[in-house]
Structure formats: structure tokens, C-alpha cells
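Undergrad: Take a look at this one; I'll ask things after.
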Amino acid sequence: MNLKACFLEQKEGARDQLLQARMEMMVGYVLQAGVVVSGLLLAAGLLWRFIATGHLGFDFTLSGMNLYEFLVHDVHTAFSGAARPRLLISLGILVLLITPYVRVLSSMVYFAVVERNCKYTLFTGFVFAVLTYSLFLR
Amino acid sequence: MVSFWVLLLISLVAGFIGAMSGMGGGVVLIPALTLVGMDIKHAIAISIVSVIATSSGSASAYVRDHITNLKVGMFLEMFTILGALTGAAITIISSRRPLFLIFAFVLLATWLALFLQSKEEWRPLAKVDRFSRWLELRGSYYDEAQKQQIVYEGGRAYFGGPLMFGAGLIAGLLGIGAGALKVLIHDLVMGLPPKVSTTTSNLIIGVTALAGTSVYLAAGYIDPGLAAPVILGVGAGAFIGTKVLVRLTNMAVRRFFLVVLLILGVEMLIRGIRG
């Protein structure tokens with residue numbers, strides 16, 4: 001597609017409505033999967049903690065880690081074999097944070113590859129870039 | 001230290017109200033958490049994480065009901081995330097009293113605007129400008145209460161976009177979804193029907209909250225042990241709230257948040273003045 005044509009106004013037809021509906025399903029499933037997985041991890045972590053100690057309260061802070069460091073830390077803990085309730089809790093939060101990020105990424109890919117809508121590929125690309133920057137914030 | 005069960009209960013109620021109103025859980029959550037003794041900045045940080053859960057959970061349902069307008073959402077997100085990053089950075093360096101006052105001011109201003117507007121039913125914009133048309137902000141959805149297909153087109157995007165920076169700023173600053181503010185911009189400026197406004201604002205809120213969260217996370221304000229019950233509570237509450245919204249009419253939803261907003265606004269104002 002040429003760049004000029006892609007900035008013209010698009011006529012809405014049956015194809016667009018179908019594509020739109022498919023994208024709605026995709027976004028819906030990404031969000032739902034993220035929330036469900038995150039919820040399960042958090043609930044499992046709390047339950048495990050309760051069974052192991054009889055308490056539900058947790059007391060640990062992430063002393064100023066950005067998402068990337070948070071991720072590395074969790075993966076590292078997971079592979080060192082120390083699967084503890086704390087790890088599940090922090091993975092649950094991590095999955096939650098990544099959910100909207102994945103939603104933006106998948107929308108961007110969908111706009112670029114399936115819908116071939118340059119305007120919205122650029123818009124979602126901008127959002128994706130800013131979020132990426134913010135997740136590596138120091 | 002706030003007890004686990006208190007946190008869970010507060011979060012459940014906050015999530016329910018948040019989903020019903022499209023405001024996200026934060027507006028109820030933060031005042032409630034500070035009332036049980038949590039520091040306002042930590043309450044803001046925890047709230048904004050839980051806002052991601054509420055928003056994503058309810059947005060996933062609305063999107064598949066074909067009420068949300070994805071393009072409106074994705075256009076406006078560009079502005080809200082920049083606002084949220086700015087807002088969260090301000091909160092981190094701010095002292096606490098102004099945060100209470102700004103919170104109260106935002107709640108009361110939103111209340112007033114919704115109150116003055118609440119008698120009008122939605123009418124489509126008379127004319128849609130070229131820029132908005134270029135952005136493809138058309139849409140339609142089936143309204144269960146009115147039993148008919150509603151066709152609409154969003155307009156004045158050149159004005160709605162920059163205003164959304166402000167909504168994002170408030171969201172990042174106060175750790176709320178700022179959904180009421182987003183809904184207001186959708187309704188009054190862009191001429192979207194109320195259900196499209198609330199559901200689309202829900203979609204935007206998740207990404208906006210993530211931008212804010214990343215700032216609070218890097219600053220060390222997010223305590224996973226406290227965040228976990230709050231996320232679960234708010235998420236469960238929101239799930240129930242979402243099921244209720246689809247069955248209610250626009251007027252009933254509006255009346256409900258008017259009362260909630262007023263009570264919370266006055267409460268935060270008193271605490272901000274007393275210090």
C-alpha cells in the first residue's frame with residue numbers, strides 16, 4: 001500500500017465491520033486472559049501462604065524496581081527453584097501489568113497486518129513506544 | 001497495618017461501584033484506604049494497579065458486546081498516557097495535603113458537571129468535523145434498554161484529544177481511572193452516547209493506569225502484599241458490577257454515581273482542609 005492512500009479517509013464497508021468485530025474479540029480475550037491468569041496467581045499465592053503459615057497478610061516491598069527488573073527478578077527466583085507464595089504474588093502483579101501492554105501490542109499488529117490501517121498502526125505504535133519507555137523508567 | 005479482610009472488603013465494594021459507573025475503583029478505594037490509616041501516596045499507588053484489573057476485566061466484557069469504540073479509545077489513549085506519566089511524577093514529589101484537596105476538587109467538579117447535565121438524554125452531534133471523520137470515529141451498537149440499534153459518530157476530536165491529556169494527568173496524579181472525567185469529555189465534547197462513553201473510557205483507563213503504575217513502581221510505592229488482596233477484591237467487585245450495568249438504563253447509572261461522588265468529595269475536602 002502506498003503511504004498517501006493510507007492517510008485518506010477510508011470508506012466503511014462490510015469487510016471493515018467484520019474486521020472490527022474480530023479485533024473486538026481479540027482485545028476481549030487478551031484482556032480476559034490477563035485478568036484471569038493474574039487473579040489465579042494472586043489467589044494461589046495467598047492461599048499457599050495461608051496454608052503454610054496461617055496468615056494472609058504479606059509484608060514485602062519492591063524497593064524501586066521498574067517492570068523490567070521486576071520481571072528479571074521473578075524469572076530468576078522461579079528458576080532458582082524457590083517457588084514461594086511471594087513469587088506467585090509478584091508474578092500475578094506482573095501479569096496484570098503486562099495485560100494492557102499486550103493489548104496495545106496486539107492491536108498494533110492487527111491494525112498493521114490485518115486491517116492495514118496506517119493511521120491506527122501509528123497511533124497504537126506511539127502508545128506502545130511510550131509504555132515501553134515507561135516500563136524501563138529508572 | 002491494615003487487616004487483610006478490611007482491605008478485601010473495601011476493595012470489593014470499590015470495584016463494584018467503579019465498574020457500575022465506569023469510573024474505575026479508585027475513586028472509592030483511595031478515600032476508604034486513607035480512612036483506615038493508609039498513607040495517601042501508597043493508597044494512590046495501590047489503587048492505580050487495581051484500576052488496571054477493573055478496567056481490563058470490565059473492558060474485556062464490553063468490547064465483546066460491541067459497545068466499546070476501539071478507534072475512539074486508541075486515538076485518545078495517546079493523550080492520556082502522557083498525562084498519566086506527568087501526573088504520577090507530580091504526586092511523587094508533592095506533599096500530602098494538596099493531594100487530598102485536588103482529590104476533593106476533582107470529585108466535586110465531576111459531581112457538579114454530571115449533576116447539571118443529568119437531565120438531558122443523548123442526542124447525536126449535528127455536524128462532524130473533517131478531522132474526526134478522518135479518524136473514523138463512527139460506530140453503532142444495540143441498546144438493550146431502548147431495544148434498538150444506535151448509530152453515532154464521534155466529533156471534535158481536535159479538542160477531545162488534548163482534554164484527554166488532562167484526564168490522564170488526573171488519573172496518574174490521584175491513582176484513579178478518572179473515568180467520570182473521560183466520560184464527560186466523550187459525552188459533552190465528542191458527542192458519544194453514554195454507554196459508548198463509559199465502556200470506551202474503561203478501555204482507555206487500563207493503559208492510562210499502566211503508564212501511571214510504572215512511575216509508582218519505579219519509585220517503590222507498590223507493596224505486592226497489600227496490592228494482592230486489593231486487586232482480587234476490586235476485580236471481583238468489578239466483575240459483579242459489569243453484569244449489572246448492561247441491564248440498567250442511563251439515568252439510573254447516572255443518579256447512582258452522583259450520590260457516591262458527592263459524599264466522597266465532601267469527605268476528602270474536609271480532610272484536606274484539616275490537614
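Chain lettering (A, B, ...) mirrors the order of the C-alpha cells, residue numbering begins at 1 for each chain separately, and ligand numbering begins at 1 in order of display.
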Find the residues near Val35 (chain A): any atom within 8 Å, counting only C-alpha atoms, skip ones fewer than 6 places away on the same chain, and give them as a ChimeraX atom specification.

TA: /A:95-96,99 /B:53,56-57

Undergrad: I need the helix (DSSP H, G or I) residues of region 115-273 of chain B per DSSP on the backbone, written as a VMD selection string.

TA: chain B and resid 115 to 117 130 to 134 157 to 174 179 to 189 194 to 218 224 to 245 250 to 273

Undergrad: Just to confirm, what's the straight-line distance from CA of Thr213 (chain B) to CA of Ala178 (chain B) in Å (one decimal)?

TA: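 Going from CA of Thr213 (chain B) over to CA of Ala178 (chain B), I get 14.3 Å.
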
Undergrad: For chain A, work out the contacting residues on chain B at 9 Å, counting only C-alpha atoms, and write them as JSON, numbers by chain.

TA: {"B": [3, 4, 5, 49, 50, 52, 53, 54, 56, 57, 58, 59, 60, 61, 62, 63, 64, 65, 66, 68, 70, 71, 74, 75, 77, 78, 79, 81, 82, 85, 133, 134, 135, 136, 206, 207, 210, 211, 212, 213, 214, 215, 216, 217, 218, 219, 220, 221, 222, 223, 224, 225, 226, 227, 228, 229, 231, 232, 235]}

Undergrad: Which is closest to Arg274 (chain B) among B:Arg97, B:Trp122, B:Pro193, B:Gly172, if we use only C-alpha atoms?

TA: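 For Arg274 (chain B), the nearest of the candidates is B:Arg97.
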